[in-house]
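This is target-v7.pdb (PDB, N, CA and C atoms and all ligand atoms).
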```pdb
ATOM      1  N   MET C1120       2.057 -11.197  48.626
ATOM      2  CA  MET C1120       1.739 -10.686  47.281
ATOM      3  C   MET C1120       1.820 -11.832  46.270
ATOM      4  N   GLU C1121       0.799 -11.955  45.498
ATOM      5  CA  GLU C1121       0.699 -13.032  44.521
ATOM      6  C   GLU C1121       1.589 -12.750  43.319
ATOM      7  N   ASN C1122       2.254 -13.779  42.820
ATOM      8  CA  ASN C1122       3.084 -13.604  41.630
ATOM      9  C   ASN C1122       2.201 -13.312  40.413
ATOM     10  N   ALA C1123       2.757 -12.583  39.457
ATOM     11  CA  ALA C1123       2.010 -12.280  38.243
ATOM     12  C   ALA C1123       1.723 -13.570  37.475
ATOM     13  N   GLN C1124       0.534 -13.639  36.961
ATOM     14  CA  GLN C1124       0.134 -14.830  36.204
ATOM     15  C   GLN C1124       0.781 -14.774  34.820
ATOM     16  N   VAL C1125       1.455 -15.854  34.443
ATOM     17  CA  VAL C1125       2.180 -15.826  33.161
ATOM     18  C   VAL C1125       1.457 -16.601  32.074
ATOM     19  N   ALA C1126       0.571 -17.517  32.459
ATOM     20  CA  ALA C1126      -0.135 -18.315  31.458
ATOM     21  C   ALA C1126      -1.617 -18.389  31.796
ATOM     22  N   CYS C1127      -2.421 -18.493  30.746
ATOM     23  CA  CYS C1127      -3.874 -18.578  30.905
ATOM     24  C   CYS C1127      -4.247 -19.869  31.647
ATOM     25  N   ASP C1128      -5.185 -19.745  32.621
ATOM     26  CA  ASP C1128      -5.650 -20.918  33.368
ATOM     27  C   ASP C1128      -6.434 -21.867  32.468
ATOM     28  N   LYS C1129      -7.075 -21.297  31.460
ATOM     29  CA  LYS C1129      -8.004 -22.081  30.648
ATOM     30  C   LYS C1129      -7.298 -22.801  29.498
ATOM     31  N   CYS C1130      -6.509 -22.040  28.707
ATOM     32  CA  CYS C1130      -5.911 -22.651  27.521
ATOM     33  C   CYS C1130      -4.396 -22.754  27.605
ATOM     34  N   GLY C1131      -3.787 -22.122  28.639
ATOM     35  CA  GLY C1131      -2.352 -22.243  28.818
ATOM     36  C   GLY C1131      -1.522 -21.308  27.960
ATOM     37  N   ALA C1132      -2.165 -20.437  27.199
ATOM     38  CA  ALA C1132      -1.432 -19.499  26.355
ATOM     39  C   ALA C1132      -0.671 -18.499  27.216
ATOM     40  N   GLU C1133       0.437 -18.007  26.705
ATOM     41  CA  GLU C1133       1.233 -17.038  27.433
ATOM     42  C   GLU C1133       0.487 -15.705  27.494
ATOM     43  N   LEU C1134       0.553 -15.049  28.657
ATOM     44  CA  LEU C1134      -0.145 -13.780  28.829
ATOM     45  C   LEU C1134       0.851 -12.631  28.858
ATOM     46  N   ILE C1135       0.447 -11.489  28.318
ATOM     47  CA  ILE C1135       1.285 -10.303  28.474
ATOM     48  C   ILE C1135       1.122  -9.821  29.911
ATOM     49  N   PRO C1136       2.194  -9.237  30.494
ATOM     50  CA  PRO C1136       2.115  -8.803  31.892
ATOM     51  C   PRO C1136       0.950  -7.838  32.106
ATOM     52  N   SER C1137       0.269  -7.993  33.227
ATOM     53  CA  SER C1137      -0.876  -7.176  33.644
ATOM     54  C   SER C1137      -2.048  -7.270  32.670
ATOM     55  N   ALA C1138      -2.112  -8.356  31.892
ATOM     56  CA  ALA C1138      -3.251  -8.551  31.001
ATOM     57  C   ALA C1138      -4.497  -8.863  31.827
ATOM     58  N   ALA C1139      -5.632  -8.386  31.370
ATOM     59  CA  ALA C1139      -6.884  -8.679  32.056
ATOM     60  C   ALA C1139      -7.579  -9.881  31.418
ATOM     61  N   TYR C1140      -7.292 -10.087  30.137
ATOM     62  CA  TYR C1140      -7.924 -11.187  29.407
ATOM     63  C   TYR C1140      -6.866 -11.959  28.624
ATOM     64  N   CYS C1141      -7.117 -13.234  28.401
ATOM     65  CA  CYS C1141      -6.256 -14.040  27.536
ATOM     66  C   CYS C1141      -6.507 -13.623  26.093
ATOM     67  N   GLU C1142      -5.432 -13.410  25.357
ATOM     68  CA  GLU C1142      -5.599 -12.974  23.974
ATOM     69  C   GLU C1142      -6.105 -14.100  23.085
ATOM     70  N   LYS C1143      -5.881 -15.340  23.522
ATOM     71  CA  LYS C1143      -6.212 -16.484  22.691
ATOM     72  C   LYS C1143      -7.672 -16.912  22.868
ATOM     73  N   CYS C1144      -8.085 -17.121  24.132
ATOM     74  CA  CYS C1144      -9.436 -17.651  24.351
ATOM     75  C   CYS C1144     -10.352 -16.643  25.023
ATOM     76  N   GLY C1145      -9.813 -15.521  25.492
ATOM     77  CA  GLY C1145     -10.668 -14.490  26.070
ATOM     78  C   GLY C1145     -10.997 -14.704  27.527
ATOM     79  N   ALA C1146     -10.391 -15.716  28.161
ATOM     80  CA  ALA C1146     -10.679 -15.964  29.571
ATOM     81  C   ALA C1146     -10.087 -14.854  30.430
ATOM     82  N   ARG C1147     -10.786 -14.511  31.501
ATOM     83  CA  ARG C1147     -10.279 -13.506  32.422
ATOM     84  C   ARG C1147      -9.088 -14.071  33.192
ATOM     85  N   THR C1148      -8.092 -13.226  33.421
ATOM     86  CA  THR C1148      -6.962 -13.664  34.240
ATOM     87  C   THR C1148      -7.349 -13.586  35.708
ATOM     88  N   ARG C1149      -6.546 -14.246  36.565
ATOM     89  CA  ARG C1149      -6.837 -14.241  37.996
ATOM     90  C   ARG C1149      -6.883 -12.825  38.551
ATOM     91  N   ARG C1150      -5.966 -11.984  38.053
ATOM     92  CA  ARG C1150      -5.887 -10.610  38.522
ATOM     93  C   ARG C1150      -7.183  -9.860  38.190
ATOM     94  N   ALA C1151      -7.683 -10.065  36.974
ATOM     95  CA  ALA C1151      -8.903  -9.389  36.555
ATOM     96  C   ALA C1151     -10.091  -9.877  37.373
ATOM     97  N   ARG C1152     -10.130 -11.198  37.642
ATOM     98  CA  ARG C1152     -11.233 -11.730  38.441
ATOM     99  C   ARG C1152     -11.245 -11.125  39.827
ATOM    100  N   ARG C1153     -10.025 -10.952  40.391
ATOM    101  CA  ARG C1153      -9.940 -10.373  41.726
ATOM    102  C   ARG C1153     -10.413  -8.925  41.699
ATOM    103  N   LEU C1154     -10.044  -8.181  40.661
ATOM    104  CA  LEU C1154     -10.452  -6.791  40.543
ATOM    105  C   LEU C1154     -11.967  -6.675  40.405
ATOM    106  N   VAL C1155     -12.559  -7.615  39.660
ATOM    107  CA  VAL C1155     -14.012  -7.596  39.482
ATOM    108  C   VAL C1155     -14.699  -7.812  40.827
ATOM    109  N   ARG C1156     -14.176  -8.795  41.605
ATOM    110  CA  ARG C1156     -14.759  -9.045  42.931
ATOM    111  C   ARG C1156     -14.642  -7.818  43.817
ATOM    112  N   LEU C1157     -13.491  -7.157  43.745
ATOM    113  CA  LEU C1157     -13.277  -5.957  44.549
ATOM    114  C   LEU C1157     -14.255  -4.861  44.135
ATOM    115  N   ALA C1158     -14.441  -4.692  42.835
ATOM    116  CA  ALA C1158     -15.337  -3.663  42.325
ATOM    117  C   ALA C1158     -16.767  -3.921  42.778
ATOM    118  N   ILE C1159     -17.175  -5.184  42.765
ATOM    119  CA  ILE C1159     -18.527  -5.537  43.194
ATOM    120  C   ILE C1159     -18.705  -5.198  44.671
ATOM    121  N   ARG C1160     -17.673  -5.501  45.460
ATOM    122  CA  ARG C1160     -17.746  -5.208  46.889
ATOM    123  C   ARG C1160     -17.873  -3.706  47.122
ATOM    124  N   VAL C1161     -17.054  -2.908  46.437
ATOM    125  CA  VAL C1161     -17.092  -1.458  46.589
ATOM    126  C   VAL C1161     -18.471  -0.935  46.198
ATOM    127  N   GLU C1162     -19.018  -1.492  45.117
ATOM    128  CA  GLU C1162     -20.327  -1.076  44.646
ATOM    129  C   GLU C1162     -21.408  -1.376  45.679
ATOM    130  N   LEU C1163     -21.323  -2.566  46.289
ATOM    131  CA  LEU C1163     -22.300  -2.959  47.290
ATOM    132  C   LEU C1163     -22.249  -2.031  48.501
ATOM    133  N   VAL C1164     -21.026  -1.702  48.936
ATOM    134  CA  VAL C1164     -20.870  -0.813  50.088
ATOM    135  C   VAL C1164     -21.443   0.560  49.748
ATOM    136  N   PHE C1165     -21.159   1.040  48.546
ATOM    137  CA  PHE C1165     -21.670   2.338  48.117
ATOM    138  C   PHE C1165     -23.200   2.323  48.066
ATOM    139  N   PHE C1166     -23.752   1.249  47.499
ATOM    140  CA  PHE C1166     -25.204   1.113  47.385
ATOM    141  C   PHE C1166     -25.844   1.105  48.768
ATOM    142  N   LEU C1167     -25.216   0.359  49.686
ATOM    143  CA  LEU C1167     -25.727   0.279  51.059
ATOM    144  C   LEU C1167     -25.731   1.667  51.705
ATOM    145  N   GLY C1168     -24.665   2.429  51.448
ATOM    146  CA  GLY C1168     -24.572   3.776  51.991
ATOM    147  C   GLY C1168     -25.686   4.663  51.484
ATOM    148  N   VAL C1169     -25.969   4.581  50.189
ATOM    149  CA  VAL C1169     -27.035   5.383  49.595
ATOM    150  C   VAL C1169     -28.383   4.989  50.190
ATOM    151  N   VAL C1170     -28.611   3.680  50.325
ATOM    152  CA  VAL C1170     -29.876   3.188  50.876
ATOM    153  C   VAL C1170     -30.054   3.693  52.311
ATOM    154  N   LEU C1171     -28.994   3.619  53.112
ATOM    155  CA  LEU C1171     -29.065   4.067  54.498
ATOM    156  C   LEU C1171     -29.343   5.568  54.564
ATOM    157  N   MET C1172     -28.722   6.333  53.652
ATOM    158  CA  MET C1172     -28.924   7.769  53.632
ATOM    159  C   MET C1172     -30.374   8.105  53.290
ATOM    160  N   VAL C1173     -30.908   7.431  52.261
ATOM    161  CA  VAL C1173     -32.298   7.659  51.864
ATOM    162  C   VAL C1173     -33.238   7.272  53.002
ATOM    163  N   ALA C1174     -32.955   6.112  53.613
ATOM    164  CA  ALA C1174     -33.781   5.657  54.726
ATOM    165  C   ALA C1174     -33.726   6.667  55.865
ATOM    166  N   GLY C1175     -32.545   7.217  56.111
ATOM    167  CA  GLY C1175     -32.382   8.216  57.162
ATOM    168  C   GLY C1175     -33.198   9.462  56.876
ATOM    169  N   PHE C1176     -33.159   9.925  55.636
ATOM    170  CA  PHE C1176     -33.924  11.122  55.259
ATOM    171  C   PHE C1176     -35.425  10.867  55.387
ATOM    172  N   VAL C1177     -35.856   9.679  54.934
ATOM    173  CA  VAL C1177     -37.281   9.330  55.021
ATOM    174  C   VAL C1177     -37.703   9.294  56.486
ATOM    175  N   TRP C1178     -36.856   8.736  57.322
ATOM    176  CA  TRP C1178     -37.161   8.624  58.748
ATOM    177  C   TRP C1178     -37.269  10.009  59.381
ATOM    178  N   VAL C1179     -36.310  10.900  59.075
ATOM    179  CA  VAL C1179     -36.329  12.248  59.614
ATOM    180  C   VAL C1179     -37.590  12.975  59.130
ATOM    181  N   TYR C1180     -37.912  12.793  57.853
ATOM    182  CA  TYR C1180     -39.105  13.420  57.286
ATOM    183  C   TYR C1180     -40.359  12.896  57.970
ATOM    184  N   ALA C1181     -40.373  11.583  58.247
ATOM    185  CA  ALA C1181     -41.552  10.957  58.823
ATOM    186  C   ALA C1181     -41.799  11.432  60.244
ATOM    187  N   ILE C1182     -40.747  11.633  61.035
ATOM    188  CA  ILE C1182     -40.979  12.044  62.430
ATOM    189  C   ILE C1182     -41.253  13.542  62.525
ATOM    190  N   GLN C1183     -41.066  14.277  61.441
ATOM    191  CA  GLN C1183     -41.350  15.712  61.472
ATOM    192  C   GLN C1183     -42.793  16.004  61.055
ATOM    193  N   HIS C1184     -43.461  15.002  60.468
ATOM    194  CA  HIS C1184     -44.818  15.232  59.983
ATOM    195  C   HIS C1184     -45.837  14.336  60.661
TER     196      HIS C1184
HETATM  197 ZN    ZN C1201      -6.650 -18.633  27.275
END
```

This structure in structure tokens:
Amino acid sequence: MENAQVACDKCGAELIPSAAYCEKCGARTRRARRLVRLAIRVELVFFLGVVLMVAGFVWVYAIQH
């Protein structure tokens, strides 16, 4: 488990615990960057699932006609 980030990577300002952004320069904290990457991954998996489902329905429809 990664320790909580206490200072901004960009400007070195002190961060409030569990902050997503630096209050001074607006840079994203490491924790927020990781969450964004996770969200993108979840979105991609969800999108892939929808695409596969649509493709499956189209395929079933195509072999019935
Ligand atoms: Zn900063």

Run DSSP on the backbone of this structure and report the residues of chain C it assigns to alpha helix (DSSP H), as JSON, numbers by chain. {"C": [1149, 1150, 1151, 1152, 1153, 1154, 1155, 1156, 1157, 1158, 1159, 1160, 1161, 1162, 1163, 1164, 1165, 1166, 1167, 1168, 1169, 1170, 1171, 1172, 1173, 1174, 1175, 1176, 1177, 1178, 1179, 1180, 1181, 1182, 1183]}

Just so the selection is clear, what residues does the PyMOL selection byres (((chain C and resi 1141-1150) around 7) and not hetatm) cover here, as a PyMOL selection string? chain C and resi 1124+1127-1130+1132-1135+1138-1140+1151-1155

Which residues in chain C does DSSP call strand (DSSP E or B)? List them as a list of chain:residue names. C:Ala1126, C:Glu1133, C:Tyr1140, C:Arg1147

What is the CA of Arg1156 in chain C-CA of Ala1174 in chain C distance in Å, reported with one decimal? 26.8 Å

Can you work out the spacing between atom C of Val1169 in chain C and atom C of Ile1182 in chain C in Å, to one decimal?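 Those two atoms sit 19.8 Å apart.
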
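Atom to atom, CA of Phe1176 in chain C and CA of Val1164 in chain C stand 18.4 Å apart.
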
When distances are computed from only C-alpha atoms and all ligand atoms, which of C:Phe1166, C:Val1125, C:Val1179, C:Gly1131 shows the smallest separation from ligand ZN 1201 (chain C)?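 Smallest distance to ligand ZN 1201 (chain C) is found for C:Gly1131.
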